[in-house]
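Just upload-v2.cif here, mmCIF, C-alpha atoms and all ligand atoms:
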```cif
data_work
loop_
_atom_site.label_atom_id
_atom_site.label_comp_id
_atom_site.auth_asym_id
_atom_site.auth_seq_id
_atom_site.Cartn_x
_atom_site.Cartn_y
_atom_site.Cartn_z
CA MET A 1 0.00 0.00 0.00
CA SER A 2 1.62 3.26 -1.09
CA GLU A 3 1.89 5.93 1.56
CA GLY A 4 0.49 9.38 1.38
CA PRO A 5 -0.76 11.75 -1.25
CA LEU A 6 2.14 12.93 -3.40
CA ARG A 7 0.37 15.07 -5.97
CA ARG A 8 -3.06 15.59 -4.42
CA PRO A 9 -5.57 17.01 -4.86
CA PHE A 10 -6.44 15.51 -8.25
CA ALA A 11 -10.18 16.09 -7.99
CA ALA A 12 -12.75 18.35 -6.33
CA ILE A 13 -16.51 18.23 -5.69
CA THR A 14 -18.02 21.06 -7.75
CA GLY A 15 -21.74 20.33 -7.37
CA LEU A 16 -24.04 18.47 -4.98
CA GLY A 17 -27.66 17.37 -5.18
CA VAL A 18 -30.09 15.16 -3.31
CA ALA A 19 -33.51 13.60 -3.77
CA VAL A 20 -35.81 11.98 -1.23
CA PRO A 21 -39.28 10.53 -1.70
CA PRO A 22 -42.08 12.87 -0.55
CA ARG A 23 -43.64 10.32 1.84
CA VAL A 24 -42.57 10.89 5.45
CA VAL A 25 -43.03 7.93 7.81
CA ASP A 26 -42.68 8.78 11.50
CA ASN A 27 -42.02 6.48 14.45
CA ALA A 28 -45.71 6.46 15.40
CA TRP A 29 -46.44 4.65 12.11
CA PHE A 30 -44.26 1.74 13.30
CA ALA A 31 -45.61 1.85 16.85
CA GLU A 32 -49.09 1.27 15.40
CA ARG A 33 -47.91 -1.87 13.59
CA LEU A 34 -45.07 -3.39 15.62
CA ASP A 35 -44.11 -3.92 19.26
CA THR A 36 -42.07 -0.71 19.44
CA SER A 37 -42.40 2.92 20.52
CA ASP A 38 -41.27 6.40 19.54
CA GLU A 39 -39.35 6.59 22.84
CA TRP A 40 -37.38 3.39 22.17
CA ILE A 41 -36.51 4.38 18.61
CA VAL A 42 -35.43 7.94 19.50
CA GLU A 43 -33.44 6.84 22.54
CA ARG A 44 -31.65 3.88 20.90
CA THR A 45 -31.13 5.36 17.40
CA GLY A 46 -31.90 9.10 17.27
CA ILE A 47 -34.31 8.49 14.36
CA ARG A 48 -37.63 10.38 14.33
CA GLU A 49 -38.76 9.90 10.74
CA ARG A 50 -37.59 8.57 7.39
CA ARG A 51 -38.65 8.83 3.72
CA ILE A 52 -40.16 5.82 1.99
CA ALA A 53 -40.45 5.59 -1.80
CA ASP A 54 -43.66 4.51 -3.43
CA PRO A 55 -43.40 1.20 -5.32
CA THR A 56 -43.08 2.88 -8.72
CA GLN A 57 -40.20 5.17 -7.74
CA THR A 58 -36.87 3.59 -8.70
CA VAL A 59 -33.31 4.09 -7.49
CA ALA A 60 -32.51 5.41 -10.96
CA ASP A 61 -35.35 7.99 -10.62
CA LEU A 62 -34.03 9.23 -7.27
CA SER A 63 -30.49 9.27 -8.67
CA ARG A 64 -31.58 11.28 -11.69
CA GLU A 65 -33.21 13.96 -9.57
CA ALA A 66 -30.14 14.22 -7.32
CA ALA A 67 -27.78 14.22 -10.33
CA GLU A 68 -29.67 16.98 -12.12
CA HIS A 69 -29.35 19.24 -9.06
CA ALA A 70 -25.62 18.48 -8.79
CA MET A 71 -25.04 19.05 -12.52
CA ARG A 72 -26.87 22.38 -12.38
CA GLU A 73 -24.78 23.49 -9.43
CA ALA A 74 -21.56 22.39 -11.18
CA GLY A 75 -22.67 24.06 -14.41
CA ILE A 76 -22.12 20.99 -16.58
CA THR A 77 -24.16 19.24 -19.25
CA ALA A 78 -24.79 15.50 -19.42
CA ALA A 79 -22.51 15.23 -22.45
CA GLU A 80 -19.55 16.39 -20.33
CA ILE A 81 -19.80 13.42 -17.96
CA ASP A 82 -17.04 10.89 -18.62
CA ALA A 83 -18.00 8.42 -15.88
CA ILE A 84 -20.95 7.58 -13.62
CA VAL A 85 -20.02 5.65 -10.46
CA LEU A 86 -23.06 4.67 -8.41
CA GLY A 87 -22.89 3.15 -4.94
CA THR A 88 -25.97 1.15 -4.01
CA ALA A 89 -27.04 -1.92 -2.05
CA THR A 90 -30.45 -1.84 -3.71
CA PRO A 91 -29.95 -1.77 -7.49
CA ASP A 92 -33.22 -1.58 -9.44
CA ARG A 93 -32.26 -4.72 -11.33
CA LEU A 94 -29.39 -7.14 -10.78
CA LEU A 95 -28.44 -6.67 -14.42
CA PRO A 96 -27.63 -4.26 -15.95
CA SER A 97 -26.30 -1.75 -13.43
CA THR A 98 -28.46 1.10 -12.14
CA ALA A 99 -25.66 3.41 -13.29
CA CYS A 100 -26.36 2.36 -16.89
CA ASP A 101 -30.08 3.03 -16.41
CA LEU A 102 -29.19 6.44 -14.99
CA GLN A 103 -26.92 7.13 -17.95
CA VAL A 104 -29.94 6.76 -20.23
CA LEU A 105 -32.17 8.97 -18.05
CA LEU A 106 -29.54 11.72 -18.04
CA GLY A 107 -28.51 11.34 -21.68
CA ALA A 108 -24.87 11.05 -20.57
CA VAL A 109 -23.90 9.53 -23.90
CA ASN A 110 -20.14 9.96 -23.49
CA ALA A 111 -19.88 8.26 -20.11
CA THR A 112 -18.86 4.87 -18.83
CA ALA A 113 -21.23 3.78 -16.08
CA PHE A 114 -21.07 1.14 -13.36
CA ASP A 115 -22.33 0.32 -9.87
CA ILE A 116 -20.31 -0.22 -6.72
CA SER A 117 -21.51 -2.71 -4.11
CA ALA A 118 -20.04 -1.49 -0.83
CA ALA A 119 -23.22 -0.94 1.24
CA CYS A 120 -23.26 2.11 3.54
CA PRO A 121 -19.83 3.51 2.60
CA GLY A 122 -20.88 3.21 -1.08
CA PHE A 123 -20.63 6.97 -1.65
CA ILE A 124 -17.09 7.11 -0.19
CA TYR A 125 -16.07 4.07 -2.27
CA ALA A 126 -17.54 5.72 -5.39
CA LEU A 127 -15.79 9.01 -4.57
CA THR A 128 -12.49 7.17 -4.20
CA VAL A 129 -12.95 5.39 -7.53
CA ALA A 130 -13.93 8.69 -9.14
CA GLU A 131 -10.74 10.28 -7.88
CA GLY A 132 -8.76 7.35 -9.28
CA LEU A 133 -10.44 7.63 -12.69
CA ILE A 134 -9.55 11.31 -12.75
CA ALA A 135 -5.97 10.78 -11.54
CA SER A 136 -5.41 8.11 -14.22
CA GLY A 137 -6.71 10.36 -17.00
CA GLN A 138 -9.73 8.12 -17.74
CA SER A 139 -12.18 10.88 -16.78
CA ARG A 140 -12.20 14.65 -16.31
CA THR A 141 -15.74 14.82 -14.97
CA THR A 142 -17.27 12.00 -12.91
CA LEU A 143 -20.74 11.78 -11.48
CA VAL A 144 -20.69 10.08 -8.07
CA ILE A 145 -23.97 8.77 -6.70
CA GLY A 146 -25.11 7.13 -3.46
CA ALA A 147 -28.70 5.96 -3.86
CA GLU A 148 -30.96 3.48 -2.11
CA LYS A 149 -34.45 2.11 -1.89
CA LEU A 150 -33.90 0.20 1.34
CA SER A 151 -37.64 -0.11 1.87
CA ALA A 152 -37.55 -2.75 -0.91
CA ILE A 153 -35.25 -5.05 1.10
CA THR A 154 -36.47 -4.28 4.63
CA ASP A 155 -38.68 -6.76 6.48
CA MET A 156 -41.45 -4.51 7.77
CA GLN A 157 -42.44 -7.28 10.23
CA ASP A 158 -39.03 -7.23 11.94
CA ARG A 159 -38.97 -4.45 14.53
CA SER A 160 -35.20 -4.68 14.96
CA THR A 161 -34.55 -3.51 11.38
CA ALA A 162 -37.83 -2.03 10.04
CA ILE A 163 -37.48 1.17 12.05
CA LEU A 164 -33.93 1.90 10.95
CA PHE A 165 -33.91 2.46 7.21
CA GLY A 166 -35.00 5.08 4.71
CA ASP A 167 -34.83 5.80 0.97
CA GLY A 168 -33.00 8.59 -0.85
CA ALA A 169 -30.20 9.59 -3.17
CA GLY A 170 -27.30 12.00 -3.28
CA ALA A 171 -25.03 13.04 -6.12
CA ALA A 172 -21.72 14.85 -6.49
CA VAL A 173 -20.03 16.14 -9.62
CA VAL A 174 -16.31 15.45 -9.21
CA ARG A 175 -13.94 17.22 -11.62
CA ARG A 176 -10.25 17.30 -12.28
CA THR A 177 -8.71 20.13 -10.35
CA GLU A 178 -5.66 22.26 -11.06
CA PRO A 179 -4.27 22.87 -7.55
CA THR A 180 -3.55 26.52 -6.77
CA GLY A 181 -2.18 28.19 -3.63
CA ASP A 182 -0.89 26.41 -0.54
CA LYS A 183 -4.35 25.14 0.47
CA PRO A 184 -5.94 23.93 -2.79
CA ARG A 185 -9.51 22.64 -2.73
CA GLY A 186 -10.26 19.01 -3.45
CA ILE A 187 -10.03 15.47 -2.11
CA LEU A 188 -6.96 15.41 0.17
CA SER A 189 -7.15 11.78 1.25
CA THR A 190 -9.22 8.62 1.09
CA PHE A 191 -9.16 5.35 3.04
CA LEU A 192 -11.04 2.11 2.28
CA LYS A 193 -11.08 -1.20 4.19
CA SER A 194 -13.17 -4.37 4.43
CA ASP A 195 -13.53 -7.51 6.55
CA GLY A 196 -15.62 -10.12 4.77
CA ARG A 197 -15.31 -12.56 7.67
CA LEU A 198 -18.07 -10.63 9.43
CA GLY A 199 -20.41 -10.54 6.44
CA ASN A 200 -23.16 -12.62 8.02
CA LEU A 201 -23.80 -10.05 10.74
CA LEU A 202 -25.55 -7.81 8.20
CA TYR A 203 -26.73 -9.49 5.03
CA ARG A 204 -29.48 -10.71 2.71
CA PRO A 205 -29.37 -14.50 2.82
CA GLY A 206 -31.64 -15.23 -0.16
CA GLY A 207 -32.48 -13.91 -3.58
CA GLY A 208 -28.93 -13.94 -5.00
CA SER A 209 -27.46 -16.57 -7.32
CA SER A 210 -26.52 -18.89 -4.43
CA ASP A 211 -30.19 -19.09 -3.39
CA PRO A 212 -32.30 -17.63 -6.18
CA LEU A 213 -35.70 -16.14 -5.49
CA SER A 214 -38.17 -19.01 -4.93
CA GLU A 215 -41.25 -19.91 -2.94
CA LYS A 216 -38.88 -21.09 -0.19
CA VAL A 217 -36.99 -17.78 -0.10
CA LEU A 218 -40.25 -15.84 0.01
CA ALA A 219 -41.71 -18.07 2.74
CA GLU A 220 -38.54 -17.71 4.84
CA ARG A 221 -38.44 -13.97 4.10
CA SER A 222 -34.72 -14.49 3.46
CA HIS A 223 -34.66 -11.96 0.61
CA TYR A 224 -34.89 -9.28 3.31
CA LEU A 225 -31.98 -7.74 5.13
CA ARG A 226 -30.97 -9.30 8.45
CA MET A 227 -28.77 -7.71 11.06
CA SER A 228 -27.20 -8.64 14.40
CA GLY A 229 -27.56 -5.07 15.61
CA ARG A 230 -25.47 -5.15 18.75
CA GLU A 231 -22.45 -6.79 17.05
CA VAL A 232 -22.70 -4.42 14.09
CA PHE A 233 -22.86 -1.48 16.48
CA LYS A 234 -19.64 -2.50 18.23
CA ALA A 235 -17.79 -3.10 14.95
CA ALA A 236 -19.05 0.22 13.57
CA VAL A 237 -17.67 2.21 16.51
CA ILE A 238 -14.21 0.62 16.14
CA ALA A 239 -14.09 0.90 12.33
CA MET A 240 -15.36 4.48 12.19
CA ALA A 241 -12.62 5.47 14.67
CA GLU A 242 -9.93 3.78 12.55
CA ALA A 243 -11.30 5.37 9.37
CA SER A 244 -11.34 8.86 10.92
CA ASP A 245 -7.75 8.52 12.09
CA GLU A 246 -6.53 7.22 8.74
CA ALA A 247 -8.14 9.87 6.54
CA ILE A 248 -6.83 12.62 8.83
CA ARG A 249 -3.31 11.13 8.88
CA ARG A 250 -3.22 10.62 5.11
CA ALA A 251 -4.39 14.19 4.51
CA GLY A 252 -1.55 15.48 6.65
CA VAL A 253 -3.89 17.48 8.89
CA THR A 254 -5.01 17.23 12.53
CA ALA A 255 -8.46 16.57 13.97
CA ASP A 256 -8.43 20.12 15.36
CA GLU A 257 -8.27 21.49 11.82
CA ILE A 258 -11.41 19.57 10.69
CA ASP A 259 -14.29 22.05 10.45
CA LEU A 260 -17.05 19.46 10.09
CA LEU A 261 -17.32 15.70 10.57
CA VAL A 262 -19.94 14.24 8.22
CA PRO A 263 -20.42 10.65 9.38
CA HIS A 264 -22.66 7.88 8.06
CA GLN A 265 -26.08 8.36 9.63
CA ALA A 266 -26.96 4.94 11.11
CA ASN A 267 -27.34 5.68 14.79
CA VAL A 268 -26.70 8.87 16.73
CA ARG A 269 -24.87 6.86 19.41
CA ILE A 270 -22.33 5.60 16.82
CA ILE A 271 -21.92 9.17 15.56
CA GLU A 272 -21.29 10.45 19.11
CA ALA A 273 -18.71 7.72 19.73
CA THR A 274 -16.93 8.60 16.47
CA ALA A 275 -16.87 12.30 17.35
CA LYS A 276 -15.61 11.55 20.85
CA HIS A 277 -12.79 9.39 19.48
CA ALA A 278 -11.76 12.18 17.09
CA GLY A 279 -11.95 14.69 19.93
CA MET A 280 -14.56 16.73 18.09
CA PRO A 281 -17.43 18.45 19.92
CA MET A 282 -20.91 17.71 18.54
CA ASP A 283 -21.26 21.26 17.20
CA ARG A 284 -18.65 20.26 14.59
CA VAL A 285 -20.60 17.12 13.61
CA MET A 286 -23.39 16.88 11.03
CA VAL A 287 -26.40 14.88 12.24
CA ASN A 288 -29.60 14.37 10.25
CA VAL A 289 -30.37 10.74 11.10
CA ASP A 290 -33.45 12.10 12.91
CA ARG A 291 -34.98 13.15 9.55
CA TYR A 292 -33.91 10.36 7.19
CA GLY A 293 -32.94 7.28 9.24
CA ASN A 294 -30.21 5.10 7.78
CA THR A 295 -30.17 5.58 4.00
CA SER A 296 -26.99 3.52 3.51
CA SER A 297 -24.94 4.89 0.60
CA ALA A 298 -27.18 7.98 0.31
CA SER A 299 -26.54 9.00 3.91
CA ILE A 300 -23.19 10.83 3.46
CA PRO A 301 -24.32 12.95 0.48
CA LEU A 302 -27.67 13.72 2.19
CA ALA A 303 -25.79 14.99 5.24
CA LEU A 304 -23.11 16.78 3.18
CA ASP A 305 -25.68 18.57 1.04
CA GLN A 306 -27.64 19.74 4.09
CA ALA A 307 -24.45 21.00 5.73
CA VAL A 308 -23.58 23.03 2.63
CA ARG A 309 -27.13 24.47 2.31
CA GLU A 310 -27.09 25.43 6.00
CA GLY A 311 -23.75 27.23 5.54
CA ARG A 312 -21.87 24.85 7.83
CA ILE A 313 -19.47 24.09 4.96
CA GLY A 314 -18.08 26.89 2.77
CA PRO A 315 -15.04 27.61 0.62
CA GLY A 316 -11.89 26.42 2.40
CA SER A 317 -13.74 24.23 4.94
CA LEU A 318 -11.99 21.00 5.85
CA VAL A 319 -14.53 18.16 5.90
CA LEU A 320 -14.11 14.60 7.17
CA LEU A 321 -16.42 11.91 5.69
CA VAL A 322 -16.62 8.53 7.48
CA ALA A 323 -18.85 5.49 6.93
CA PHE A 324 -19.27 1.83 7.86
CA GLY A 325 -21.58 -0.92 6.62
CA ALA A 326 -22.32 -4.45 5.43
CA GLY A 327 -19.37 -6.48 4.27
CA PHE A 328 -18.07 -5.25 6.61
CA THR A 329 -16.79 -2.27 4.66
CA TRP A 330 -15.60 1.07 5.95
CA GLY A 331 -14.02 4.15 4.52
CA SER A 332 -13.28 7.83 4.89
CA ALA A 333 -12.10 10.93 3.09
CA VAL A 334 -10.84 14.41 3.90
CA VAL A 335 -12.00 17.07 1.47
CA ARG A 336 -11.11 20.76 1.33
CA TRP A 337 -14.19 22.64 0.06
O1 LIG A 401 -25.60 1.13 8.48
C1 LIG A 401 -24.66 0.18 8.66
C2 LIG A 401 -24.54 -0.43 9.91
N1 LIG A 401 -25.67 -0.48 10.76
C3 LIG A 401 -25.56 0.04 11.96
O2 LIG A 401 -24.60 0.69 12.23
C4 LIG A 401 -26.59 -0.31 12.99
C5 LIG A 401 -25.89 -0.74 14.24
N2 LIG A 401 -26.77 -1.19 15.32
C6 LIG A 401 -27.60 -0.34 15.97
O3 LIG A 401 -27.73 0.82 15.63
C7 LIG A 401 -28.30 -0.85 17.20
O4 LIG A 401 -27.73 -2.09 17.56
C8 LIG A 401 -29.82 -1.03 17.01
C9 LIG A 401 -30.48 0.33 16.96
C10 LIG A 401 -30.12 -1.82 15.78
C11 LIG A 401 -30.38 -1.77 18.21
O5 LIG A 401 -30.09 -1.06 19.42
P1 LIG A 401 -29.43 -1.82 20.65
O6 LIG A 401 -29.33 -0.86 21.74
O7 LIG A 401 -28.15 -2.47 20.17
O8 LIG A 401 -30.51 -2.89 20.99
P2 LIG A 401 -30.37 -4.48 21.05
O9 LIG A 401 -30.33 -5.04 19.66
O10 LIG A 401 -29.27 -4.85 21.97
O11 LIG A 401 -31.74 -4.85 21.68
C12 LIG A 401 -32.10 -4.42 23.02
C13 LIG A 401 -33.52 -4.81 23.27
C14 LIG A 401 -33.83 -6.24 22.88
O12 LIG A 401 -34.74 -6.77 23.83
P3 LIG A 401 -34.21 -7.70 25.04
O13 LIG A 401 -33.54 -8.88 24.38
O14 LIG A 401 -33.25 -6.84 25.80
O15 LIG A 401 -35.46 -8.02 25.77
C15 LIG A 401 -34.52 -6.13 21.56
O16 LIG A 401 -35.41 -7.19 21.30
O17 LIG A 401 -34.39 -4.00 22.48
C16 LIG A 401 -35.28 -4.83 21.74
N3 LIG A 401 -35.62 -4.17 20.50
C17 LIG A 401 -36.62 -3.28 20.39
N4 LIG A 401 -37.49 -2.81 21.29
C18 LIG A 401 -38.40 -1.91 20.87
C19 LIG A 401 -35.02 -4.29 19.28
N5 LIG A 401 -35.63 -3.50 18.40
C20 LIG A 401 -36.63 -2.88 19.05
C21 LIG A 401 -37.60 -1.93 18.66
N6 LIG A 401 -38.46 -1.48 19.61
N7 LIG A 401 -37.69 -1.47 17.41
#
```
Structure translated into structure tokens:
Amino acid sequence: MSEGPLRRPFAAITGLGVAVPPRVVDNAWFAERLDTSDEWIVERTGIRERRIADPTQTVADLSREAAEHAMREAGITAAEIDAIVLGTATPDRLLPSTACDLQVLLGAVNATAFDISAACPGFIYALTVAEGLIASGQSRTTLVIGAEKLSAITDMQDRSTAILFGDGAGAAVVRRTEPTGDKPRGILSTFLKSDGRLGNLLYRPGGGSSDPLSEKVLAERSHYLRMSGREVFKAAVIAMAEASDEAIRRAGVTADEIDLLVPHQANVRIIEATAKHAGMPMDRVMVNVDRYGNTSSASIPLALDQAVREGRIGPGSLVLLVAFGAGFTWGSAVVRW
């Protein structure tokens, strides 16, 4: 593994956009249907409501809406996009990729397009690949997406998971940057890591090619996501801490210099533990899990976009992105805005 960024930054985020379904589902909705309560959900997770897509709304639809906002902000046309890299755990179809469907919706005729399967850190994985495509000269302008319809793979009869997830999409236009000055804007560092040995703590047992969709799979409800919450929680706290440290070290900055931590929004208690480890007070941490729940790969761009709109990130801000999810996978990035 090569050490450190020698010529960074290669790439900068020049536009952001998000899309969420209009339907808001609050905790009371679950309390009416399952053995749970608003108090339990808020206390154990920090979630108050989430967005749920209607059955006809696809991941590609949500991605398109988010992408069009980001492209407008970046001032680019679809023809200028050289690559679409889309992180998702809930592709619309298993073949072809949702990125290829999005390419058609956008009319991005000059792009290569592919999905990344990295669960919750999907946006950070896609951002890292986008930076690599730009650094290698394959792309000047890359559209990075994190988009999910988790409601399609959530067992609404299982109180331990049903209350956690939401649907949404976020997009970033990432462009080649010509560094200027002693503090150039752009992606200063990235860090990715996985541990597949722990895969069965958060997974979908059925519906893939090892156990194709069948009457048995449907009867066992094994096409839905299953999670050993407590074990995942513990692993998330450790991995998010490692990822924060690594991105900061690789960027050659200190935690004190980070203006805003934008962590994956799975559980406010994991976010607080991550902030505590990094020595960052909560007023330098973006939290919107209360509004959207856990939207997996969409969670970082949803939080990042809100932070920018609220003026918590501006030109020159140093931002730390950190996420953890199924695989297990984890990753991070430090970006100068
Ligand atoms: O996004 C990628 C990764 N995902 C995560 O990071 C999620 C990580 N895990 C978590 O956020 C938490 O583990 C959960 C929020 C999922 C669960 O919170 P917890 O504090 O770890 O609860 P627990 O699983 O240890 O369960 C405690 C109790 C259990 O009852 P008993 O065995 O103590 O009687 C559960 O059955 O809470 C019960 N419980 C619930 N009670 C009311 C579980 N879900 C619910 C619920 N409402 N919805």
Counting only C-alpha atoms, what is within 9 Å of A:Ile13, bar same-chain residues fewer than 4 positions away, as an MDAnalysis selection string? chainID A and resid 74 172:175 185:187 335 337
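Counting from atom CA of A:Val85, the distance to atom CA of A:Val129 is 7.7 Å.
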May I have the residues within 6 Å of ligand LIG 401 (chain A), computed using only C-alpha atoms and all ligand atoms, as JSON, numbers by chain? {"A": [36, 37, 40, 44, 45, 120, 159, 160, 163, 229, 230, 232, 233, 236, 266, 267, 296, 324, 325]}
Pick out the residues sitting within 10 Å of A:Ile248, and hand them over as an MDAnalysis selection string; count only C-alpha atoms, and ignore anything fewer than 2 positions along from it in its own chain. chainID A and resid 188:191 243:246 250:255 257:258 278 319:320 332:334
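Atom pair atom CA of A:Gly316 / atom CA of A:Thr14 has a distance of 13.0 Å (rounded to one decimal).
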Work out how far atom CA of A:Gly107 is from atom CA of A:Ile134, in Å to one decimal.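 These two atoms are separated by 21.0 Å.
For A:Thr90, the set of protein, DNA and RNA residues having any atom at most 10 Å away, when counting all atoms listed in the file and skipping those fewer than 3 positions along the same chain, is Thr58, Val59, Gly87, Arg93, Leu94, Thr98, Ser117, Ala119, Ala147, Glu148, Lys149, Leu150, Ser151, Ala152, Ile153, Asp167, Ser296 and Ser297 of chain A.
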Quick one: axis-aligned box around all listed atoms of stretch 274-280 of chain A, 8 Å on every side, centre and edge lengths in Å to one decimal, written as lines of an AutoDock Vina configuration file.
```
center_x = -14.3
center_y = 12.7
center_z = 18.7
size_x = 21.2
size_y = 24.1
size_z = 20.4
```
So which residues touch A:Asn288 within 12 Å, counting all atoms listed in the file, skipping near sequence neighbours fewer than 3 positions away, as a list in words? Thr45, Gly46, Ile47, Arg48, Glu49, Arg50, Val262, Pro263, His264, Gln265, Ala266, Asn267, Val268, Ile271, Val285, Arg291, Tyr292, Gly293, Asn294, Thr295, Ser299, Ile300, Pro301, Leu302, Ala303, Leu304, Asp305, Gln306 and Ala307 of chain A
Requested write-out: C-alpha atoms of the selected residues, as an mmCIF file, keeping the file's coordinate frame:
```
data_model
loop_
_atom_site.group_PDB
_atom_site.id
_atom_site.type_symbol
_atom_site.label_atom_id
_atom_site.label_comp_id
_atom_site.auth_asym_id
_atom_site.auth_seq_id
_atom_site.Cartn_x
_atom_site.Cartn_y
_atom_site.Cartn_z
ATOM 1 C CA THR A 45 -31.130 5.360 17.400
ATOM 2 C CA GLY A 46 -31.900 9.100 17.270
ATOM 3 C CA ILE A 47 -34.310 8.490 14.360
ATOM 4 C CA ARG A 48 -37.630 10.380 14.330
ATOM 5 C CA GLU A 49 -38.760 9.900 10.740
ATOM 6 C CA ARG A 50 -37.590 8.570 7.390
ATOM 7 C CA VAL A 262 -19.940 14.240 8.220
ATOM 8 C CA PRO A 263 -20.420 10.650 9.380
ATOM 9 C CA HIS A 264 -22.660 7.880 8.060
ATOM 10 C CA GLN A 265 -26.080 8.360 9.630
ATOM 11 C CA ALA A 266 -26.960 4.940 11.110
ATOM 12 C CA ASN A 267 -27.340 5.680 14.790
ATOM 13 C CA VAL A 268 -26.700 8.870 16.730
ATOM 14 C CA ILE A 271 -21.920 9.170 15.560
ATOM 15 C CA VAL A 285 -20.600 17.120 13.610
ATOM 16 C CA ARG A 291 -34.980 13.150 9.550
ATOM 17 C CA TYR A 292 -33.910 10.360 7.190
ATOM 18 C CA GLY A 293 -32.940 7.280 9.240
ATOM 19 C CA ASN A 294 -30.210 5.100 7.780
ATOM 20 C CA THR A 295 -30.170 5.580 4.000
ATOM 21 C CA SER A 299 -26.540 9.000 3.910
ATOM 22 C CA ILE A 300 -23.190 10.830 3.460
ATOM 23 C CA PRO A 301 -24.320 12.950 0.480
ATOM 24 C CA LEU A 302 -27.670 13.720 2.190
ATOM 25 C CA ALA A 303 -25.790 14.990 5.240
ATOM 26 C CA LEU A 304 -23.110 16.780 3.180
ATOM 27 C CA ASP A 305 -25.680 18.570 1.040
ATOM 28 C CA GLN A 306 -27.640 19.740 4.090
ATOM 29 C CA ALA A 307 -24.450 21.000 5.730
#
```
Which one of A:Gln103, A:Thr142, A:Ser222, A:Ser210 sits closest to A:Thr154 if you count all atoms listed in the file?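 Under the stated criterion, the closest residue is A:Ser222.
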Measuring atom to atom with only C-alpha atoms, identify which of A:Ala130, A:Gly279, A:Thr177, A:Asp155 is nearest to A:Glu220.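 Of all the options, A:Asp155 lies closest to A:Glu220.
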Shell around A:Ile84 at 7 Å using all atoms listed in the file, local window under 3 positions removed, as a list in words: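 These residues fall inside the cut-off: Ala99, Ala111, Thr112, Ala113, Phe114, Thr142, Leu143 and Val144 of chain A.
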Which one of A:Ala135, A:Pro91, A:Tyr125, A:Ile81 sits closest to A:Asn110 if you count only C-alpha atoms?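 Distance minimum relative to A:Asn110 lands on A:Ile81.
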Kindly extract all protein, DNA and RNA residues lying within 9 Å of the coordinates (-15.7, -9.2, 3.2) given in the file, considering all atoms listed in the file, and supply them as a ChimeraX atom specification. /A:194-199,326-329
